[in-house]
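start.txt (compact mmCIF, C-alpha atoms)
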# COMPACT_ATOMS: atom_id res chain seq x y z
CA MET A 1 -29.79 44.18 112.72
CA ASP A 2 -31.81 42.70 109.81
CA ALA A 3 -29.07 43.42 107.31
CA TYR A 4 -26.51 41.65 109.37
CA ASP A 5 -28.86 38.72 109.95
CA LYS A 6 -29.24 38.12 106.13
CA GLY A 7 -25.49 37.82 105.69
CA SER A 8 -24.88 35.65 108.67
CA GLY A 9 -24.27 32.71 106.30
CA GLY A 10 -20.79 34.13 105.71
CA GLY A 11 -19.37 37.09 103.77
CA ALA A 12 -20.89 40.45 102.88
CA ALA A 13 -24.38 40.43 101.60
CA GLU A 14 -25.02 41.56 98.03
CA PRO A 15 -27.70 44.05 97.23
CA ASP A 16 -30.94 42.73 95.78
CA ASP A 17 -30.71 44.71 92.49
CA ALA A 18 -27.23 43.52 91.46
CA PRO A 19 -27.13 41.77 88.00
CA ALA A 20 -26.57 38.04 87.84
CA VAL A 21 -23.13 37.04 86.68
CA PRO A 22 -22.88 33.78 84.63
CA ASP A 23 -20.67 31.05 85.95
CA ALA A 24 -18.43 30.97 82.77
CA VAL A 25 -18.15 33.03 79.60
CA PRO A 26 -17.95 30.81 76.45
CA ALA A 27 -14.95 31.41 74.25
CA ARG A 28 -15.40 32.73 70.71
CA PRO A 29 -15.27 29.90 68.15
CA GLU A 30 -12.57 31.57 66.05
CA ALA A 31 -10.37 31.83 69.12
CA LEU A 32 -10.30 28.07 69.71
CA PRO A 33 -7.25 26.25 68.46
CA ALA A 34 -7.65 23.49 65.86
CA GLY A 35 -8.56 20.16 67.45
CA ALA A 36 -9.84 21.73 70.63
CA GLY A 37 -13.45 20.77 69.95
CA GLY A 38 -14.32 23.94 68.07
CA THR A 39 -15.05 24.40 64.39
CA PRO A 40 -11.91 25.50 62.44
CA ALA A 41 -12.07 28.71 60.51
CA PRO A 42 -12.78 28.36 56.78
CA PRO A 43 -9.85 28.86 54.38
CA ASP A 44 -9.19 32.37 53.21
CA HIS A 45 -9.93 31.57 49.47
CA ALA A 46 -12.76 29.04 49.83
CA PRO A 47 -15.41 29.48 47.10
CA THR A 48 -18.57 31.04 48.44
CA GLY A 49 -20.81 30.41 45.43
CA PRO A 50 -21.02 29.13 41.82
CA ASP A 51 -19.45 32.32 40.47
CA ASP A 52 -16.19 31.54 42.26
CA THR A 53 -15.54 28.26 40.22
CA PRO A 54 -12.61 28.80 37.79
CA ALA A 55 -13.48 28.38 34.05
CA GLN A 56 -11.97 25.40 32.17
CA PRO A 57 -9.89 26.28 29.06
CA SER A 58 -11.30 25.17 25.68
CA SER A 59 -9.57 22.44 23.69
CA GLY A 60 -9.76 20.92 20.20
CA ILE A 61 -11.60 22.73 17.43
CA ALA A 62 -13.47 24.82 20.01
CA ALA A 63 -10.19 26.49 20.95
CA LEU A 64 -9.77 27.86 17.40
CA SER A 65 -11.16 31.08 16.08
CA ARG A 66 -14.13 31.12 13.73
CA GLY A 67 -12.11 31.01 10.47
CA PRO A 68 -9.91 28.01 11.35
CA GLN A 69 -12.98 26.25 12.75
CA VAL A 70 -14.71 26.50 9.37
CA VAL A 71 -11.61 25.23 7.53
CA ALA A 72 -11.18 22.31 9.95
CA ALA A 73 -14.86 21.38 9.61
CA LEU A 74 -14.61 21.43 5.79
CA VAL A 75 -11.46 19.28 5.80
CA LEU A 76 -13.07 16.77 8.17
CA ALA A 77 -16.18 16.61 6.00
CA ALA A 78 -14.06 16.05 2.87
CA VAL A 79 -12.16 13.20 4.56
CA VAL A 80 -15.40 11.54 5.68
CA VAL A 81 -16.90 11.84 2.18
CA GLY A 82 -13.71 10.46 0.60
CA VAL A 83 -13.63 7.47 2.93
CA CYS A 84 -17.30 6.72 2.27
CA VAL A 85 -16.80 6.93 -1.51
CA HIS A 86 -13.72 4.69 -1.37
CA VAL A 87 -15.45 2.05 0.77
CA GLY A 88 -18.47 2.16 -1.52
CA MET A 89 -16.33 1.70 -4.64
CA LEU A 90 -14.52 -1.29 -3.13
CA PHE A 91 -17.84 -2.81 -2.07
CA LEU A 92 -19.25 -2.49 -5.59
CA HIS A 93 -16.02 -3.93 -7.00
CA VAL A 94 -16.17 -7.14 -4.95
CA ALA A 95 -19.96 -7.44 -4.88
CA PRO A 96 -21.82 -9.70 -7.34
CA SER A 97 -23.05 -8.16 -10.57
CA ASN A 98 -25.97 -5.81 -9.95
CA THR A 99 -27.78 -2.88 -11.54
CA VAL A 100 -25.28 -0.30 -10.31
CA THR A 101 -22.20 -2.20 -11.50
CA LYS A 102 -23.80 -2.88 -14.87
CA LYS A 103 -24.38 0.83 -15.41
CA HIS A 104 -21.29 2.26 -13.71
CA GLY A 105 -18.88 -0.68 -13.87
CA GLY A 106 -16.35 1.31 -15.89
CA THR A 107 -16.25 4.07 -13.29
CA VAL A 108 -15.77 1.54 -10.48
CA ASP A 109 -12.92 -0.17 -12.36
CA ASP A 110 -11.23 3.17 -13.07
CA TRP A 111 -11.29 3.92 -9.34
CA VAL A 112 -10.06 0.50 -8.20
CA TYR A 113 -7.42 -0.33 -10.83
CA PRO A 114 -4.52 -0.43 -10.48
CA GLU A 115 -3.94 1.07 -7.01
CA PHE A 116 -6.69 -0.68 -5.02
CA GLU A 117 -7.01 -3.99 -6.81
CA GLN A 118 -8.44 -6.76 -4.63
CA ASN A 119 -6.80 -10.17 -4.66
CA TRP A 120 -8.44 -13.02 -2.76
CA LYS A 121 -5.66 -15.59 -3.25
CA LEU A 122 -4.72 -15.17 0.39
CA PHE A 123 -8.07 -16.73 1.35
CA ALA A 124 -8.01 -19.47 -1.31
CA PRO A 125 -8.05 -23.10 -0.13
CA ASN A 126 -4.62 -23.64 -1.71
CA PRO A 127 -2.78 -20.32 -2.18
CA LEU A 128 0.23 -20.05 -4.46
CA GLN A 129 3.27 -21.82 -3.05
CA GLN A 130 5.70 -21.30 -5.92
CA ASN A 131 8.41 -18.88 -6.89
CA VAL A 132 8.26 -18.09 -10.61
CA ALA A 133 11.22 -16.43 -12.30
CA VAL A 134 10.79 -15.11 -15.85
CA GLN A 135 14.01 -14.96 -17.86
CA VAL A 136 14.78 -13.72 -21.37
CA ARG A 137 17.56 -13.66 -23.93
CA ALA A 138 17.78 -12.25 -27.43
CA GLN A 139 19.47 -12.70 -30.77
CA ILE A 140 20.90 -9.45 -32.04
CA ARG A 141 21.70 -8.85 -35.70
CA THR A 142 24.77 -6.71 -36.10
CA ALA A 143 25.43 -4.21 -38.85
CA ASP A 144 27.56 -6.80 -40.68
CA GLY A 145 24.66 -9.26 -40.72
CA VAL A 146 26.25 -11.47 -38.07
CA GLY A 147 24.05 -12.59 -35.20
CA ARG A 148 24.98 -12.82 -31.55
CA THR A 149 23.03 -14.23 -28.63
CA THR A 150 22.85 -12.45 -25.29
CA ARG A 151 22.95 -14.12 -21.90
CA TRP A 152 19.83 -14.97 -19.93
CA TYR A 153 18.46 -12.04 -17.93
CA ASP A 154 16.41 -12.87 -14.83
CA LEU A 155 13.75 -10.16 -15.02
CA SER A 156 11.87 -11.39 -11.92
CA ALA A 157 15.02 -11.20 -9.83
CA GLN A 158 15.57 -7.63 -11.00
CA ASP A 159 12.04 -6.68 -9.96
CA GLY A 160 12.52 -8.39 -6.60
CA ALA A 161 15.77 -6.52 -5.96
CA ALA A 162 14.04 -3.22 -6.75
CA ILE A 163 11.17 -4.01 -4.34
CA ASP A 164 13.26 -5.21 -1.38
CA HIS A 165 13.86 -2.54 1.28
CA ASN A 166 11.70 -0.11 -0.71
CA LEU A 167 8.91 1.49 1.32
CA LEU A 168 7.08 2.66 -1.81
CA PRO A 169 7.77 0.12 -4.58
CA SER A 170 6.48 0.77 -8.06
CA HIS A 171 3.37 -1.07 -9.21
CA THR A 172 5.19 -1.72 -12.48
CA GLN A 173 7.94 -3.56 -10.63
CA GLN A 174 5.42 -5.51 -8.57
CA ASN A 175 2.78 -6.43 -11.12
CA GLU A 176 3.71 -5.80 -14.76
CA LEU A 177 5.84 -8.87 -15.45
CA ARG A 178 4.12 -11.12 -12.92
CA ARG A 179 0.61 -10.43 -14.18
CA GLY A 180 1.74 -10.56 -17.79
CA TRP A 181 3.23 -14.02 -17.30
CA ASP A 182 0.10 -15.22 -15.46
CA PHE A 183 -1.90 -13.95 -18.43
CA PHE A 184 0.30 -15.89 -20.86
CA VAL A 185 0.15 -19.16 -18.88
CA ALA A 186 -3.63 -18.94 -18.53
CA THR A 187 -4.11 -18.56 -22.30
CA HIS A 188 -1.67 -21.27 -23.50
CA ASP A 189 -1.57 -25.02 -23.24
CA ALA A 190 1.31 -27.19 -22.05
CA GLN A 191 2.90 -27.03 -25.52
CA ASN A 192 2.88 -23.21 -25.41
CA ARG A 193 0.18 -22.99 -28.06
CA PRO A 194 -2.41 -20.20 -27.73
CA THR A 195 -5.90 -21.37 -26.88
CA GLY A 196 -7.66 -18.36 -28.39
CA LEU A 197 -7.37 -14.74 -29.45
CA ARG A 198 -6.32 -13.74 -25.95
CA GLY A 199 -3.36 -16.08 -26.31
CA GLU A 200 -1.99 -14.07 -29.23
CA LEU A 201 -2.60 -10.88 -27.28
CA SER A 202 -0.64 -12.23 -24.30
CA GLU A 203 2.29 -13.15 -26.59
CA ARG A 204 2.51 -9.61 -27.93
CA TYR A 205 2.27 -8.24 -24.41
CA ILE A 206 5.13 -10.44 -23.14
CA ARG A 207 7.30 -9.59 -26.16
CA ARG A 208 6.89 -5.87 -25.56
CA ILE A 209 7.70 -6.22 -21.86
CA VAL A 210 10.88 -8.25 -22.38
CA LEU A 211 12.10 -6.05 -25.25
CA LEU A 212 11.58 -2.98 -23.09
CA ARG A 213 13.73 -4.58 -20.38
CA LEU A 214 16.36 -5.83 -22.85
CA ASP A 215 16.71 -2.37 -24.32
CA ARG A 216 18.01 -1.20 -20.92
CA HIS A 217 20.64 -3.95 -20.60
CA GLU A 218 21.69 -4.40 -24.23
CA PRO A 219 22.18 -0.93 -25.73
CA LEU A 220 22.36 -1.44 -29.45
CA ALA A 221 25.09 0.09 -31.54
CA ARG A 222 24.45 1.68 -34.89
CA GLY A 223 23.08 -0.82 -37.37
CA GLU A 224 22.22 -3.43 -34.68
CA ALA A 225 18.68 -4.64 -34.06
CA PHE A 226 16.84 -7.27 -32.05
CA ASP A 227 16.14 -10.17 -34.36
CA GLN A 228 14.54 -12.75 -32.04
CA VAL A 229 13.75 -13.16 -28.36
CA GLN A 230 13.24 -16.25 -26.25
CA VAL A 231 11.49 -16.41 -22.88
CA ARG A 232 11.56 -19.12 -20.26
CA SER A 233 10.24 -19.54 -16.74
CA ARG A 234 11.90 -21.22 -13.80
CA THR A 235 9.34 -22.42 -11.24
CA THR A 236 10.43 -23.59 -7.79
CA ALA A 237 8.12 -24.82 -5.07
CA VAL A 238 8.38 -23.04 -1.73
CA ARG A 239 9.95 -25.30 0.88
CA PRO A 240 7.49 -26.14 3.68
CA PRO A 241 8.31 -25.08 7.25
CA GLU A 242 10.32 -27.37 9.50
CA TRP A 243 7.35 -28.29 11.65
CA SER A 244 5.30 -29.44 8.64
CA ASP A 245 5.09 -33.10 7.55
CA GLU A 246 4.37 -32.06 3.95
CA ARG A 247 6.76 -33.38 1.30
CA ILE A 248 7.28 -31.16 -1.75
CA ASN A 249 9.62 -31.56 -4.68
CA THR A 250 11.71 -28.38 -4.73
CA LYS A 251 13.48 -29.20 -8.00
CA PRO A 252 13.12 -26.27 -10.44
CA VAL A 253 10.86 -26.77 -13.44
CA LEU A 254 11.76 -24.96 -16.67
CA ARG A 255 9.27 -23.86 -19.29
CA VAL A 256 11.10 -22.75 -22.43
CA LEU A 257 9.21 -20.91 -25.14
CA PRO A 258 10.22 -20.97 -28.81
CA TRP A 259 12.10 -18.11 -30.39
CA TRP A 260 9.86 -15.22 -31.35
CA SER A 261 10.67 -12.95 -34.27
CA VAL A 262 10.74 -9.27 -33.35
CA THR A 263 8.55 -6.91 -35.36
CA PRO A 264 8.72 -3.09 -35.32
CA ALA A 265 5.44 -3.05 -33.37
CA ASP A 266 7.10 -5.00 -30.55
CA LEU A 267 9.93 -2.51 -30.05
CA PRO A 268 9.84 0.23 -27.41
CA LEU A 269 9.27 3.72 -28.71
CA ALA A 270 12.93 4.64 -28.47
CA GLY A 271 13.97 1.42 -30.15
CA GLU A 272 11.42 1.88 -32.92
CA ASP A 273 12.64 5.39 -33.58
CA ARG A 274 16.22 4.12 -33.65
CA ALA A 275 15.28 1.36 -36.09
CA ARG A 276 13.61 3.85 -38.41
CA ARG A 277 16.64 6.09 -38.23
CA ASP A 278 18.96 3.20 -39.06
CA VAL A 279 16.79 2.12 -41.96
CA ALA A 280 16.78 5.65 -43.33
CA ALA A 281 20.56 5.84 -42.93
CA ASP A 282 21.00 2.52 -44.77
CA ARG A 283 18.82 3.72 -47.61
CA THR A 284 20.83 6.89 -47.87
CA GLU A 285 24.12 5.00 -48.02
CA GLY A 286 22.67 2.62 -50.60
CA ALA A 287 21.57 5.53 -52.78
CA ARG A 288 25.09 6.92 -52.71
So, in terms of structure tokens, how does the structure I just supplied come out?
Amino acid sequence: MDAYDKGSGGGAAEPDDAPAVPDAVPARPEALPAGAGGTPAPPDHAPTGPDDTPAQPSSGIAALSRGPQVVAALVLAAVVVGVCVHVGMLFLHVAPSNTVTKKHGGTVDDWVYPEFEQNWKLFAPNPLQQNVAVQVRAQIRTADGVGRTTRWYDLSAQDGAAIDHNLLPSHTQQNELRRGWDFFVATHDAQNRPTGLRGELSERYIRRIVLLRLDRHEPLARGEAFDQVQVRSRTTAVRPPEWSDERINTKPVLRVLPWWSVTPADLPLAGEDRARRDVAADRTEGAR
């Protein structure tokens, strides 16, 4: 009777020692679909520690082996030293006179000239605004003793044509004639008279330059020789730009030098040898 009374609330009565059953069994986290409130499973290849980080490949000099690394380091050091020496030489060249330049001025000049010469005319208050053309002609004495005069050769125009569209123009084409003529003008007065010993030196320098050029354009026949040369300059002012109000006379100005007699010392080496040969030949014919 007591057993039936305990279950009178409805249904069969459970024994007292039966285990308690939870209301719901929680699902395993890995079994939950993504977005269902559970934590998603980690990726299959996720790094689990610092050892799993992939190594970065080396680049630059570090990627080379030991031998090439040493060579690259030596080349880099040589370039750095060369740049420092070059900058230092240029600094000493443009710096005012000092103890170092007084003692090693010749070494500095040998380094700078002629490849790295500094010219400050670009920063002058009134830079050059003229085109100067140096022209030359010659009197040639023929084997019969008759003289003939060549046409005018525009040596500056020839240098300009050789420089145009040339990525690596010669310093001779750029500077030899131009600097030689500047040297002559600076050491002569308006009447073309030398103002000192350097004036005579500049005359000999110009004569040798123009005779060297004439020897290329006027090949002499047997018995012919350069008797005299004459040099002139044609100076034309550069026309100002259209937006400028400056008024400049662009009429060419000629400076004609007197005829200079040619001496054996003025002739190029080939011409001097040819002259000696011709003289020897004349003497031989005279002895016959």
To one decimal in Å, tell me the separation between CA of Gln173 in chain A and CA of Arg207 in chain A.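 Between these atoms lies a distance of 16.7 Å.
Here CA of Thr263 in chain A is placed at a distance of 13.2 Å from CA of Gln139 in chain A.
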Go through A:Val134, A:Ile61, A:Val112, A:Ala157 and flag the residue nearest Ala73 in chain A, using all atoms listed in the file for the distances. A:Ile61
Please provide as number ranges by chain all residues within 10 Å of Thr149 in chain A, with the sequence filter that same-chain residues fewer than 4 positions apart are discarded (counting all atoms listed in the file). A: 137-141, 226-229
Sphere at (8.1, -25.0, -9.2), radius 7 Å, counting all atoms listed in the file: residues as JSON, numbers by chain: {"A": [130, 131, 235, 236, 237, 250, 251, 252, 253]}
Which residue, A:Val238, A:Val70, A:Ala95, A:Leu267, has the smallest gap to Leu212 in chain A when you use all atoms listed in the file? A:Leu267
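Ranking A:Trp111, A:Val185, A:Ala72, A:Leu64 by their shortest atom-to-atom distance to Val85 in chain A, with only C-alpha atoms included, puts A:Trp111 first.
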Selecting C-alpha atoms, how would range 247-260 of chain A from this structure be written as a short mmCIF file (atom, residue, chain, number, x, y, z; two decimals), in the first residue's frame?
data_model
loop_
_atom_site.label_atom_id
_atom_site.label_comp_id
_atom_site.auth_asym_id
_atom_site.auth_seq_id
_atom_site.Cartn_x
_atom_site.Cartn_y
_atom_site.Cartn_z
CA ARG A 247 68.01 95.87 -77.11
CA ILE A 248 71.28 94.44 -78.44
CA ASN A 249 73.13 95.16 -81.65
CA THR A 250 73.48 91.80 -83.39
CA LYS A 251 75.69 93.11 -86.20
CA PRO A 252 78.86 90.98 -86.45
CA VAL A 253 82.12 92.59 -85.35
CA LEU A 254 85.31 91.52 -87.13
CA ARG A 255 88.76 91.54 -85.58
CA VAL A 256 91.39 90.96 -88.26
CA LEU A 257 94.96 90.19 -87.24
CA PRO A 258 97.97 91.01 -89.41
CA TRP A 259 99.69 88.36 -91.49
CA TRP A 260 102.06 86.21 -89.48
#
